[in-house]
Amino acid sequence: MDRKELEKRFVTARRELILRDFQGLNDMQQRAVMATEGPLLLLAGAGSGKTTVLINRVANLIRFGRASDSEELPEGAGEAELAVLEKAVRETGELSPEVEALCALDPVEPWRICAITFTNKAADELKSRLEARLGPGAQDIWAMTFHSACVRILRRSGEAMGLPSSFTIYDASDSAAVMKRVLKELNMDEKTFPPKVVLSAISRAKDNMLSAEDFAAQAEKGWDPRNKQIAKAYIEYSRRLLAADALDFDDLILFTVRLLRDYPEVRERWQRQFQYVLVDEYQDTSKIQYKLAAYLAGGRGNICVVGDDDQSIYRFRGATIENILGFEKLYKNARVIKLEQNYRSTGHILGAANSVIKNNLGRKGKNLWTSAGDGEKLTLHIAENDDEEAAFVAGKIVEGVSSGMRWGDFAVLYRMNAQSNRLEYAFKRMSIPYRVVGGTRFFDRMEIKDVTSYLCAVQNPADDLRLLRIINNPPRGIGETTLERLRAISATERRPLLDVAADAALYPELKAAAGKLMKFLELIMELRTLSESMPLPEFYDALLDKTGYLAALGDSDEALARRDNIMELKSNIVNYAAGAESPSLAGFLDEIALYTDLDSMEAGENSVVMMTIHSAKGLEFPSVFLVGMEDGIFPSSRTIGDEEEMEEERRLCYVALTRAKRSLTLTAARRRMLFGRTSSNLISRFVEEIPEEHIDKPADAVRQGLRYEPDPEYMDYALRERQFERREARGAYREHLSPNDARRPGPIRSASGVARPGPSRPPVGKTPAAKASPALLELRPGDAIRHKAFGQGTVTDVKTMPGDALVTVDFGGTQKRLMLRAAGAFITKL
DNA sequence: ATCATAACGCTTTTT
DNA sequence: GCGTTATGAT
């Protein structure tokens, strides 16, 4: 046998044996798993088994190295070895160690694989699935978010650029707090320079790798005078973060990219380490994140990016779809694999999603298909108002549970967090177990911020921001005047506040407060010593005690809830201490700085989840309710009139629709309370884009006033307003309009008002109570009832209130409190 | 220094 | 409509 022939047969046999590990995958998925070398763009539609592919790809790398994608033979392979392989091909069962060794080509050590995801949730899922597949060795894989990967790199190598490894991370609210101070001190008007706007300008600058000085230089040359002001704020903001040894979220990425760009030895060290780099959700990466990925993968050039251009929904914060659209241009030898078979949803759901997204121009083009059958059609429900919309959703879920589904099978998705309120009330009235993801995050709560500020202050003596938060909390008689003087000295001497406080006795103006300041200083010092000698959880208890924070809370209902949260934080600490290799205060603070509420959502929990569509990305649910399908809400009023933003909104809709596995219900309300006023909106244009073959709509929808055609008058108005804002954004001066003039006048309201029948409209608020039997109103303690979802129970208490009653029912040990008007429709008296 | 009331502005979306 | 912040009174 000549060498050529041997090589060919060897490679073929090897591929076949390797493929045995990936039998459950379809052709395209297998190709993606086997193509380990060089740049690879994986266009993975929603529900196409993308994570499965990632897991298997990593498994392949660890077991077989680059063998599946190489023509190369292992050292010393000859006819004897070929015979062994070909024999193994004919046999079934596990590969023998000998065969496995022959199949492998430089198996990859786990820590040489870097799999970057976008959210902690995705990273955690990846980690746990990798561990399930590969065992404990999987823990060494760098499966984490951009931000946490950067933290790790900076902690290890940041010293090279003069960054102390003990740096602190500022989250968005910390950044905002710093910025507010800065703006105040620079006498910048909060109206013309809202902190948010300034921060996002800085964020954009950082995405373009512009330092404060670069930005200032550019502002000098630019035409927008506001940028000069913003540049000043940027400079001062940076100065403060530097003084506090703090990095904000954007800095984490920016500093890492600078580090890798400017320090060759550091760059080489990491490029040597990461032989394979995977980036998930590539469509959501920003310019600088793309640079980061390119640097990390710069050693071997093995970069695999996974994404779906149709699911790009973070353009607003710098994500650029160019990264995915331009991948092939950038990496000339890139391979592209498309995953279009959907394993998640039934036919009507996919059909609806496809017909919505095809209205977008400028996409790679992709059509999801399924072999799962058509399934149920979508339904559109039009409610009288937002309360009724919420009640409808709650009712449908109760019915679903009564027919055998679990609470956890349902998700309610909305465009903005503010929409969750109404739903929560409805769910509470019916005692439906639910969970709101996102919104006010756990770590944004006041008491949690306070306690973590103590932790930060103990860990980082230069962290003035956190110090200011706690120095007089609980009250220690250190008032505003003392702080003002402290701040003045700290600013002129460029020393941290705590340093200045330590020398309080030396400054005449601080004499009066010196005693109190010393006492506080001693407290912090004592805590610092304790933090070094005690296990973390015990230290936490000691901190709560010594600072007197817990004691100062009191025992009102509110304080009780706060205590609960503080204890919840303790369980976080205990968890962390148990799981981490070498737990430390610094490590814990890193963990929570990058943590969001999303991460605490446990998969097994049996309750309905409510969240924004953005939060729902990457998740799936048997039954999904998509509420508020109205123009002005979804699509958001801010996007109407801007084609690019509308396309992003449409992608958001695509994401929403593709979350559903089997059942998908859309709802809209004729009238709803929004921003404190009642408004009526047209039905969402996205609903219009779903053909009748996929969706059941109420036949009278049009006659009853929710129209499908965009109102030309309104469109015109929205467009003009939009253009005005854009012109303003470009720097044209504001013609002083009073805020009321900027408000939308009549068009919206009058437009829908015309279409709505006037006085002869059916009565509003046909609540489910209308269906409740009169016997229910006579319920008394001791009565037996049956509830559609909860089953049989005994009434233990009845509190009547005007037009309604709150009944407490014992369902075999669990107490539920039900509002009769809302829950009555699901109760029968036995 | 702490509490109460008034005023404001906010509603896109997250690390 | 709600939650946060500014202001003023005690």
# chains A, B, ... in the order shown; residues from 1 in each chain; ligands from 1
>>> interface_residues(of="chain B", to="chain A", cutoff="7 Å", atoms="only C-alpha atoms (C1' of nucleotides)", output="PyMOL selection string")
chain B and resi 11-13+15
>>> closest_atom_pairs(of="chain C", to="chain A", cutoff="12 Å", atoms="only C-alpha atoms (C1' of nucleotides)", output="JSON lines")
{"residue": "C:DG1", "atom": "C1'", "partner": "A:Gly676", "partner_atom": "CA", "distance": 4.9}
{"residue": "C:DC2", "atom": "C1'", "partner": "A:Gly676", "partner_atom": "CA", "distance": 8.9}
{"residue": "C:DG3", "atom": "C1'", "partner": "A:Thr440", "partner_atom": "CA", "distance": 11.1}
{"residue": "C:DT4", "atom": "C1'", "partner": "A:Met446", "partner_atom": "CA", "distance": 11.8}
>>> residues_around(residues="DT5 (chain C)", least_positions_apart="2", cutoff="10 Å", atoms="only C-alpha atoms (C1' of nucleotides)", output="ChimeraX atom specification")
/B:7-8 /C:3,7
>>> atom_distance(atom1="CA of Thr52 (chain A)", atom2="CA of Gln30 (chain A)")
10.5 Å
>>> residues_around(residues="DA9 (chain C)", least_positions_apart="4", cutoff="12 Å", atoms="only C-alpha atoms (C1' of nucleotides)", output="list in words")
DT2, DC3, DA4 and DT5 of chain B
